[in-house]
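Presented below is the structure to which this report refers.
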Amino acid sequence: MLVNRPPMGWNTWNTFGAKISEQTIKETVDKFVELGLPKSGYEYIVIDDCWSEKERDPITHKMVASREKFPNGMKAVADYVHSKGLKFGMYSCAGVRTCANYPGSFDHEFLDAETFAEFGCDFLKYDYCFRPQTANGPLLYHRMGNALRACGRDILFSACNWGADDVWRWIRSTGAHMYRSTGDIVDNFTSFTNIVKSQIEKFCYSAPNCFNDMDMLTVGMFGNGNVGSSGCNLTQYKSQFSLWCLMGAPLMLGCDIRKITPEILELITNRELLAINQDPEVRPAFNAEGVPYNTESCSAVLARLLANGDLAVGFFNFCDHEIGATVMFENIGFPFAAGYDLKFKDVFTGEEKIYQERLTCRLDACDCAVFRVTPVKR
């Protein structure tokens, strides 16, 4: 199995967009290693759209790396990434052109997969723009899935069709290892909370070797970069990262690693949160409020079973004022008659406390509380 836990890494798009280069990638990789991010599990360095020349080679019909941005070619970049103990990722599109109007892989899937393998690619993000009207979406992902399986190299297949065509119903059959389930994220609180709300009832489709991808994180961007928008504050980033971890989504960073703040570094390397995200049973989170989830609600309470008999429980405030959020233990499978109390360990402070029957958390605007929960025989 190529991917038995949610993939972790970094992608160029959120910060750099088209403004990518060999030098930028090398600087990011060096900082990535200096900060110790690989020790926390982050391993993929992914170059998104705009990496190639505007047209294919007229003789070989292969995609060619931009000579201006990558003067030594893409294999040299991959070799540098690999030399630091990391894995190298690239981008293409199921359409005739990519979303930024570079050559797409439509009708060139097997040639392109072989090209990516020659470069030393370990990860392919595969977008969904500029498809011919006659093209069948699922079939296009089956094509590239087969091409990658035939290319002679293990390449993680990251399908990015934005949640179209009820993707969660069929994408696993294409060989994809992760799949985008929503539209593009931008760096503001409304964007990432709307993404989460849309997926709370759909994460049951996520499973080992095929993970629901809620897009690259904007944590640490603070309004800068290609999708900067209005930005978020540290509290809002805390909620975003906690949601991605608790829901078991891939953790693909999108901020400028070279300029990361100590507070953001502490957040994205939080061992307790990462242990929840990378839990070996990779079970999906579920709505723990006891009623069908209402996307207009100010709150969400999510729970997730963990491998050693523990649970993760998170309380989230999606509004701009203080609220209270409650979990009744019967809604996560522990009615009072079961004979168990629950010990809650705060993943941020380490504080532990035992509760009976229910817990209510007071949350400031846009804030969250996340706990590792251990059943304790009464």
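By convention here, the chains of the structure tokens are called A, B, ... in the order presented, each chain's residues are numbered starting at 1, and ligands are numbered starting at 1 in the order presented.
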Q | Backbone DSSP call of helix (DSSP H, G or I) for stretch 73-265 of chain A, listed as an MDAnalysis selection string | A | chainID A and resid 74:83 109:119 137:150 164:169 171:174 189:199 203:205 234:247 257:259 262:265
Q.
Would you pick out the contacts of A:His177 at 6 Å or less, using only C-alpha atoms, so that residues sharing its chain but fewer than 6 positions from it are not included, and give the list as a PyMOL selection string?
A. chain A and resi 157-158+209-210
Q) Quick one, how far is atom CA of A:Ile20 from atom CA of A:Arg180? A) 22.7 Å
Q: Can you pull out every residue within 7 Å of stretch 165-174 of chain A, counting only C-alpha atoms, but drop anything in the same chain fewer than 5 positions away, and send it as a PyMOL selection string?
A: chain A and resi 141-142+145+205+210
Let me see the file: selected residues, N, CA and C atoms, as a PDB file, in the first residue's frame.
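The result, written out as part02.pdb:
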ATOM      1  N   TYR A 141      -9.727  10.255 -15.185  1.00  0.00           N
ATOM      2  CA  TYR A 141      -8.914   9.887 -14.025  1.00  0.00           C
ATOM      3  C   TYR A 141      -8.516   8.414 -14.073  1.00  0.00           C
ATOM      4  N   HIS A 142      -9.367   7.575 -14.664  1.00  0.00           N
ATOM      5  CA  HIS A 142      -8.950   6.189 -14.887  1.00  0.00           C
ATOM      6  C   HIS A 142      -7.768   6.138 -15.850  1.00  0.00           C
ATOM      7  N   GLY A 145      -4.722   7.225 -13.958  1.00  0.00           N
ATOM      8  CA  GLY A 145      -4.441   6.207 -12.949  1.00  0.00           C
ATOM      9  C   GLY A 145      -3.732   5.005 -13.556  1.00  0.00           C
ATOM     10  N   TYR A 205     -16.259   8.475   3.319  1.00  0.00           N
ATOM     11  CA  TYR A 205     -15.716   7.876   2.095  1.00  0.00           C
ATOM     12  C   TYR A 205     -14.190   7.835   2.109  1.00  0.00           C
ATOM     13  N   CYS A 210      -6.712   6.203  -0.129  1.00  0.00           N
ATOM     14  CA  CYS A 210      -7.542   7.139  -0.901  1.00  0.00           C
ATOM     15  C   CYS A 210      -8.200   8.126   0.060  1.00  0.00           C
TER      16      CYS A 210
END
Q. In Å, with one decimal, what is the gap from atom CA of A:Gly89 to atom CA of A:Val219?
A. 20.3 Å
Q: Name the residues in contact with stretch 365-370 of chain A at a cut-off of 12 Å, using only C-alpha atoms, excluding same-chain residues fewer than 4 positions from it; report them as a ChimeraX atom specification.
A: /A:188-190,192-193,232-247,270,272-273,276,298-304,311-326,344-352,359-361
Q: Go through A:Phe106, A:Phe203, A:Tyr179, A:Phe286 and flag the residue nearest A:Asp215, using only C-alpha atoms for the distances.
A: A:Tyr179
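Close contacts of A:Gly36, defined as residues with an atom at most 12 Å away when counting only C-alpha atoms, with chain neighbours fewer than 6 positions off set aside, comprise Val29, Asp30, Tyr42, Glu43, Lys84, Gly85, Leu86, Ile257, Leu265, Glu266, Ile268 and Thr269 of chain A.
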Store the residues of this selection in a file with all heavy atoms, as a compact mmCIF listing (two decimals), in the first residue's frame.
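Dumped to part09.txt:
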# COMPACT_ATOMS: atom_id res chain seq x y z
N VAL A 29 13.29 23.87 0.30
CA VAL A 29 13.73 22.55 0.75
C VAL A 29 14.75 22.69 1.87
O VAL A 29 14.68 22.00 2.89
CB VAL A 29 14.31 21.75 -0.43
CG1 VAL A 29 15.06 20.52 0.06
CG2 VAL A 29 13.20 21.35 -1.40
N ASP A 30 15.71 23.59 1.69
CA ASP A 30 16.73 23.79 2.72
C ASP A 30 16.11 24.22 4.05
O ASP A 30 16.49 23.72 5.12
CB ASP A 30 17.75 24.83 2.26
CG ASP A 30 18.63 24.35 1.12
OD1 ASP A 30 18.64 23.12 0.86
OD2 ASP A 30 19.28 25.19 0.47
N TYR A 42 6.39 15.51 7.50
CA TYR A 42 6.20 16.21 6.23
C TYR A 42 7.28 15.73 5.25
O TYR A 42 8.47 15.81 5.55
CB TYR A 42 6.30 17.71 6.42
CG TYR A 42 5.21 18.28 7.31
CD1 TYR A 42 5.43 18.47 8.68
CD2 TYR A 42 3.97 18.61 6.80
CE1 TYR A 42 4.44 18.98 9.50
CE2 TYR A 42 2.97 19.13 7.61
CZ TYR A 42 3.21 19.31 8.96
OH TYR A 42 2.21 19.81 9.78
N GLU A 43 6.86 15.23 4.08
CA GLU A 43 7.86 14.62 3.20
C GLU A 43 7.75 15.01 1.72
O GLU A 43 8.72 14.87 0.98
CB GLU A 43 7.78 13.10 3.30
CG GLU A 43 6.44 12.50 2.95
CD GLU A 43 6.45 10.98 3.05
OE1 GLU A 43 7.55 10.40 3.09
OE2 GLU A 43 5.35 10.38 3.09
N LYS A 84 17.90 15.51 -0.07
CA LYS A 84 17.59 15.97 1.29
C LYS A 84 16.67 14.99 2.03
O LYS A 84 16.16 15.30 3.11
CB LYS A 84 16.94 17.35 1.24
CG LYS A 84 17.79 18.41 0.57
CD LYS A 84 19.06 18.70 1.34
CE LYS A 84 19.87 19.82 0.69
NZ LYS A 84 21.07 20.17 1.48
N GLY A 85 16.45 13.82 1.41
CA GLY A 85 15.62 12.81 2.06
C GLY A 85 14.13 13.05 1.90
O GLY A 85 13.32 12.43 2.61
N LEU A 86 13.74 13.92 0.96
CA LEU A 86 12.33 14.25 0.73
C LEU A 86 11.84 13.65 -0.58
O LEU A 86 12.62 13.12 -1.37
CB LEU A 86 12.15 15.77 0.72
CG LEU A 86 12.54 16.47 2.02
CD1 LEU A 86 12.57 17.97 1.84
CD2 LEU A 86 11.57 16.09 3.13
N ILE A 257 7.55 28.70 3.58
CA ILE A 257 8.31 28.01 4.63
C ILE A 257 9.51 28.85 5.06
O ILE A 257 9.93 28.82 6.23
CB ILE A 257 8.76 26.62 4.15
CG1 ILE A 257 7.55 25.74 3.82
CG2 ILE A 257 9.64 25.94 5.19
CD1 ILE A 257 6.64 25.44 4.98
N LEU A 265 5.10 27.39 13.36
CA LEU A 265 5.92 26.18 13.39
C LEU A 265 5.50 25.29 14.56
O LEU A 265 5.38 24.06 14.41
CB LEU A 265 7.39 26.54 13.50
CG LEU A 265 8.37 25.37 13.54
CD1 LEU A 265 8.28 24.54 12.26
CD2 LEU A 265 9.80 25.86 13.77
N GLU A 266 5.27 25.89 15.71
CA GLU A 266 4.82 25.13 16.88
C GLU A 266 3.49 24.44 16.60
O GLU A 266 3.27 23.29 16.98
CB GLU A 266 4.71 26.05 18.09
CG GLU A 266 4.27 25.33 19.36
CD GLU A 266 4.15 26.27 20.55
OE1 GLU A 266 4.25 27.50 20.37
OE2 GLU A 266 3.93 25.76 21.68
N ILE A 268 2.08 23.56 13.58
CA ILE A 268 2.09 22.51 12.55
C ILE A 268 2.96 21.31 12.93
O ILE A 268 2.95 20.29 12.24
CB ILE A 268 2.53 23.06 11.18
CG1 ILE A 268 3.98 23.54 11.21
CG2 ILE A 268 1.57 24.14 10.71
CD1 ILE A 268 4.52 23.94 9.84
N THR A 269 3.70 21.44 14.04
CA THR A 269 4.48 20.30 14.54
C THR A 269 3.95 19.79 15.88
O THR A 269 4.63 19.02 16.56
CB THR A 269 5.97 20.67 14.69
OG1 THR A 269 6.10 21.82 15.55
CG2 THR A 269 6.59 20.99 13.34
**Q.** Which residue of A:Ile200, A:Ala337, A:Leu253, A:Ala159 approaches A:Asn14 most closely, using only C-alpha atoms
**A.**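 Smallest distance to A:Asn14 is found for A:Leu253.
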(Q) Using DSSP assignments from the backbone, pull out every residue in stretch 188-340 of chain A that falls under strand (DSSP E or B) and give it to me as a PyMOL selection string. (A) chain A and resi 207+210-213+251-253+286-287+299-305+311-317+323-328+340
Store the residues picked out above, limited to N, CA and C atoms, as an mmCIF file, in the first residue's frame.
data_model
loop_
_atom_site.group_PDB
_atom_site.id
_atom_site.type_symbol
_atom_site.label_atom_id
_atom_site.label_comp_id
_atom_site.auth_asym_id
_atom_site.auth_seq_id
_atom_site.Cartn_x
_atom_site.Cartn_y
_atom_site.Cartn_z
ATOM 1 N N ALA A 207 -10.477 6.783 3.164
ATOM 2 C CA ALA A 207 -9.985 5.494 3.657
ATOM 3 C C ALA A 207 -8.511 5.350 3.311
ATOM 4 N N CYS A 210 -6.712 6.203 -0.129
ATOM 5 C CA CYS A 210 -7.542 7.139 -0.901
ATOM 6 C C CYS A 210 -8.200 8.126 0.060
ATOM 7 N N PHE A 211 -7.513 9.262 0.310
ATOM 8 C CA PHE A 211 -7.913 10.191 1.360
ATOM 9 C C PHE A 211 -8.627 11.426 0.802
ATOM 10 N N ASN A 212 -9.659 11.841 1.505
ATOM 11 C CA ASN A 212 -10.387 13.065 1.185
ATOM 12 C C ASN A 212 -9.470 14.274 1.439
ATOM 13 N N ASP A 213 -9.241 15.046 0.387
ATOM 14 C CA ASP A 213 -8.310 16.175 0.431
ATOM 15 C C ASP A 213 -9.094 17.481 0.404
ATOM 16 N N LEU A 251 -2.141 16.777 4.928
ATOM 17 C CA LEU A 251 -1.601 18.023 5.465
ATOM 18 C C LEU A 251 -0.550 18.555 4.502
ATOM 19 N N MET A 252 -1.016 19.315 3.514
ATOM 20 C CA MET A 252 -0.124 19.924 2.532
ATOM 21 C C MET A 252 -0.018 21.409 2.841
ATOM 22 N N LEU A 253 1.115 21.820 3.393
ATOM 23 C CA LEU A 253 1.332 23.209 3.770
ATOM 24 C C LEU A 253 1.361 24.094 2.529
ATOM 25 N N PHE A 286 -16.621 11.968 12.883
ATOM 26 C CA PHE A 286 -18.073 11.988 12.721
ATOM 27 C C PHE A 286 -18.670 13.111 13.561
ATOM 28 N N ASN A 287 -19.851 13.528 13.168
ATOM 29 C CA ASN A 287 -20.589 14.558 13.874
ATOM 30 C C ASN A 287 -21.053 14.014 15.213
ATOM 31 N N SER A 299 -21.403 26.164 15.565
ATOM 32 C CA SER A 299 -20.495 25.217 16.200
ATOM 33 C C SER A 299 -20.443 23.901 15.447
ATOM 34 N N ALA A 300 -19.394 23.162 15.736
ATOM 35 C CA ALA A 300 -19.316 21.764 15.330
ATOM 36 C C ALA A 300 -18.588 21.017 16.433
ATOM 37 N N VAL A 301 -19.072 19.836 16.747
ATOM 38 C CA VAL A 301 -18.375 18.940 17.667
ATOM 39 C C VAL A 301 -18.107 17.660 16.885
ATOM 40 N N LEU A 302 -16.835 17.349 16.712
ATOM 41 C CA LEU A 302 -16.431 16.195 15.917
ATOM 42 C C LEU A 302 -15.672 15.212 16.789
ATOM 43 N N ALA A 303 -15.867 13.939 16.530
ATOM 44 C CA ALA A 303 -15.167 12.891 17.270
ATOM 45 C C ALA A 303 -14.600 11.882 16.285
ATOM 46 N N ARG A 304 -13.612 11.137 16.754
ATOM 47 C CA ARG A 304 -12.940 10.169 15.889
ATOM 48 C C ARG A 304 -12.358 9.059 16.751
ATOM 49 N N LEU A 305 -12.602 7.814 16.370
ATOM 50 C CA LEU A 305 -12.012 6.683 17.088
ATOM 51 C C LEU A 305 -10.547 6.544 16.719
ATOM 52 N N LEU A 311 -10.216 8.201 21.854
ATOM 53 C CA LEU A 311 -10.949 8.972 20.865
ATOM 54 C C LEU A 311 -10.311 10.354 20.772
ATOM 55 N N ALA A 312 -10.551 11.036 19.680
ATOM 56 C CA ALA A 312 -10.263 12.462 19.586
ATOM 57 C C ALA A 312 -11.598 13.191 19.524
ATOM 58 N N VAL A 313 -11.706 14.273 20.261
ATOM 59 C CA VAL A 313 -12.923 15.088 20.246
ATOM 60 C C VAL A 313 -12.524 16.542 20.077
ATOM 61 N N GLY A 314 -13.167 17.218 19.141
ATOM 62 C CA GLY A 314 -12.866 18.619 18.890
ATOM 63 C C GLY A 314 -14.119 19.470 18.930
ATOM 64 N N PHE A 315 -14.004 20.643 19.533
ATOM 65 C CA PHE A 315 -15.093 21.621 19.625
ATOM 66 C C PHE A 315 -14.669 22.839 18.802
ATOM 67 N N PHE A 316 -15.536 23.303 17.893
ATOM 68 C CA PHE A 316 -15.145 24.369 16.975
ATOM 69 C C PHE A 316 -16.204 25.461 16.934
ATOM 70 N N ASN A 317 -15.729 26.704 16.969
ATOM 71 C CA ASN A 317 -16.593 27.879 16.890
ATOM 72 C C ASN A 317 -16.398 28.533 15.526
ATOM 73 N N ILE A 323 -19.153 31.257 22.126
ATOM 74 C CA ILE A 323 -20.254 30.298 22.203
ATOM 75 C C ILE A 323 -19.887 29.199 23.191
ATOM 76 N N GLY A 324 -20.868 28.378 23.512
ATOM 77 C CA GLY A 324 -20.631 27.142 24.234
ATOM 78 C C GLY A 324 -20.955 25.966 23.327
ATOM 79 N N ALA A 325 -20.116 24.942 23.336
ATOM 80 C CA ALA A 325 -20.353 23.745 22.531
ATOM 81 C C ALA A 325 -20.303 22.532 23.453
ATOM 82 N N THR A 326 -21.247 21.625 23.283
ATOM 83 C CA THR A 326 -21.405 20.507 24.215
ATOM 84 C C THR A 326 -21.348 19.175 23.494
ATOM 85 N N VAL A 327 -20.691 18.201 24.120
ATOM 86 C CA VAL A 327 -20.776 16.819 23.667
ATOM 87 C C VAL A 327 -21.412 16.004 24.787
ATOM 88 N N MET A 328 -22.484 15.314 24.450
ATOM 89 C CA MET A 328 -23.080 14.339 25.349
ATOM 90 C C MET A 328 -22.388 13.012 25.072
ATOM 91 N N TYR A 340 -18.356 3.924 32.241
ATOM 92 C CA TYR A 340 -17.097 4.609 31.969
ATOM 93 C C TYR A 340 -17.261 6.118 32.100
#
Show me, as a PDB file with N, CA and C atoms, in the first residue's frame, the residues that have an atom within 10 Å of A:Tyr128 when counting only C-alpha atoms, minus same-chain residues fewer than 6 positions from it.
ATOM      1  N   SER A  92      -0.156  18.232 -13.183  1.00  0.00           N
ATOM      2  CA  SER A  92      -0.682  18.280 -14.539  1.00  0.00           C
ATOM      3  C   SER A  92      -2.202  18.373 -14.447  1.00  0.00           C
ATOM      4  N   CYS A  93      -2.857  18.219 -15.591  1.00  0.00           N
ATOM      5  CA  CYS A  93      -4.297  18.459 -15.655  1.00  0.00           C
ATOM      6  C   CYS A  93      -4.937  17.474 -16.618  1.00  0.00           C
ATOM      7  N   ALA A  94      -6.165  17.065 -16.318  1.00  0.00           N
ATOM      8  CA  ALA A  94      -6.886  16.105 -17.151  1.00  0.00           C
ATOM      9  C   ALA A  94      -7.388  16.717 -18.450  1.00  0.00           C
ATOM     10  N   GLY A  95      -7.305  18.032 -18.577  1.00  0.00           N
ATOM     11  CA  GLY A  95      -7.777  18.706 -19.774  1.00  0.00           C
ATOM     12  C   GLY A  95      -6.685  18.936 -20.804  1.00  0.00           C
ATOM     13  N   VAL A  96      -7.063  19.624 -21.877  1.00  0.00           N
ATOM     14  CA  VAL A  96      -6.126  19.954 -22.950  1.00  0.00           C
ATOM     15  C   VAL A  96      -5.081  20.953 -22.460  1.00  0.00           C
ATOM     16  N   ARG A  97      -5.495  21.868 -21.591  1.00  0.00           N
ATOM     17  CA  ARG A  97      -4.594  22.848 -20.979  1.00  0.00           C
ATOM     18  C   ARG A  97      -4.786  22.798 -19.469  1.00  0.00           C
ATOM     19  N   THR A  98      -3.775  23.243 -18.743  1.00  0.00           N
ATOM     20  CA  THR A  98      -3.908  23.343 -17.295  1.00  0.00           C
ATOM     21  C   THR A  98      -4.746  24.554 -16.936  1.00  0.00           C
ATOM     22  N   CYS A  99      -5.021  24.712 -15.652  1.00  0.00           N
ATOM     23  CA  CYS A  99      -5.864  25.824 -15.215  1.00  0.00           C
ATOM     24  C   CYS A  99      -5.212  27.179 -15.480  1.00  0.00           C
ATOM     25  N   GLY A 104      -1.853  20.537 -20.927  1.00  0.00           N
ATOM     26  CA  GLY A 104      -2.472  19.529 -20.089  1.00  0.00           C
ATOM     27  C   GLY A 104      -2.158  18.138 -20.604  1.00  0.00           C
ATOM     28  N   GLY A 137     -15.452  12.675 -17.051  1.00  0.00           N
ATOM     29  CA  GLY A 137     -14.542  12.944 -15.936  1.00  0.00           C
ATOM     30  C   GLY A 137     -13.951  11.707 -15.295  1.00  0.00           C
ATOM     31  N   LEU A 140     -11.328  10.060 -17.463  1.00  0.00           N
ATOM     32  CA  LEU A 140     -10.050  10.771 -17.551  1.00  0.00           C
ATOM     33  C   LEU A 140      -9.150  10.411 -16.373  1.00  0.00           C
ATOM     34  N   TYR A 141      -9.727  10.255 -15.185  1.00  0.00           N
ATOM     35  CA  TYR A 141      -8.914   9.887 -14.025  1.00  0.00           C
ATOM     36  C   TYR A 141      -8.516   8.414 -14.073  1.00  0.00           C
ATOM     37  N   ALA A 159      -5.785  13.277  -7.098  1.00  0.00           N
ATOM     38  CA  ALA A 159      -6.834  13.711  -8.026  1.00  0.00           C
ATOM     39  C   ALA A 159      -7.450  15.010  -7.531  1.00  0.00           C
ATOM     40  N   CYS A 160      -7.523  15.994  -8.420  1.00  0.00           N
ATOM     41  CA  CYS A 160      -8.001  17.327  -8.023  1.00  0.00           C
ATOM     42  C   CYS A 160      -9.147  17.755  -8.931  1.00  0.00           C
ATOM     43  N   ASN A 161     -10.335  17.163  -8.729  1.00  0.00           N
ATOM     44  CA  ASN A 161     -11.469  17.553  -9.585  1.00  0.00           C
ATOM     45  C   ASN A 161     -12.478  18.413  -8.837  1.00  0.00           C
ATOM     46  N   TRP A 162     -12.084  18.944  -7.674  1.00  0.00           N
ATOM     47  CA  TRP A 162     -12.837  19.961  -6.930  1.00  0.00           C
ATOM     48  C   TRP A 162     -14.171  19.452  -6.368  1.00  0.00           C
ATOM     49  N   ALA A 164     -16.297  17.562  -8.055  1.00  0.00           N
ATOM     50  CA  ALA A 164     -17.278  17.427  -9.138  1.00  0.00           C
ATOM     51  C   ALA A 164     -17.651  15.964  -9.357  1.00  0.00           C
TER      52      ALA A 164
END
Q) At what distance in Å, to one decimal, does atom CA of A:Glu281 lie from atom CA of A:Met1? A)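 Atom-to-atom, atom CA of A:Met1 and atom CA of A:Glu281 are spaced 14.0 Å apart.
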(Q) Taking only C-alpha atoms into account, name the residue in A:Tyr102, A:Phe110, A:Phe88, A:Phe116 that is nearest to A:Phe130. (A)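 Closest residue, counting only C-alpha atoms: A:Tyr102.
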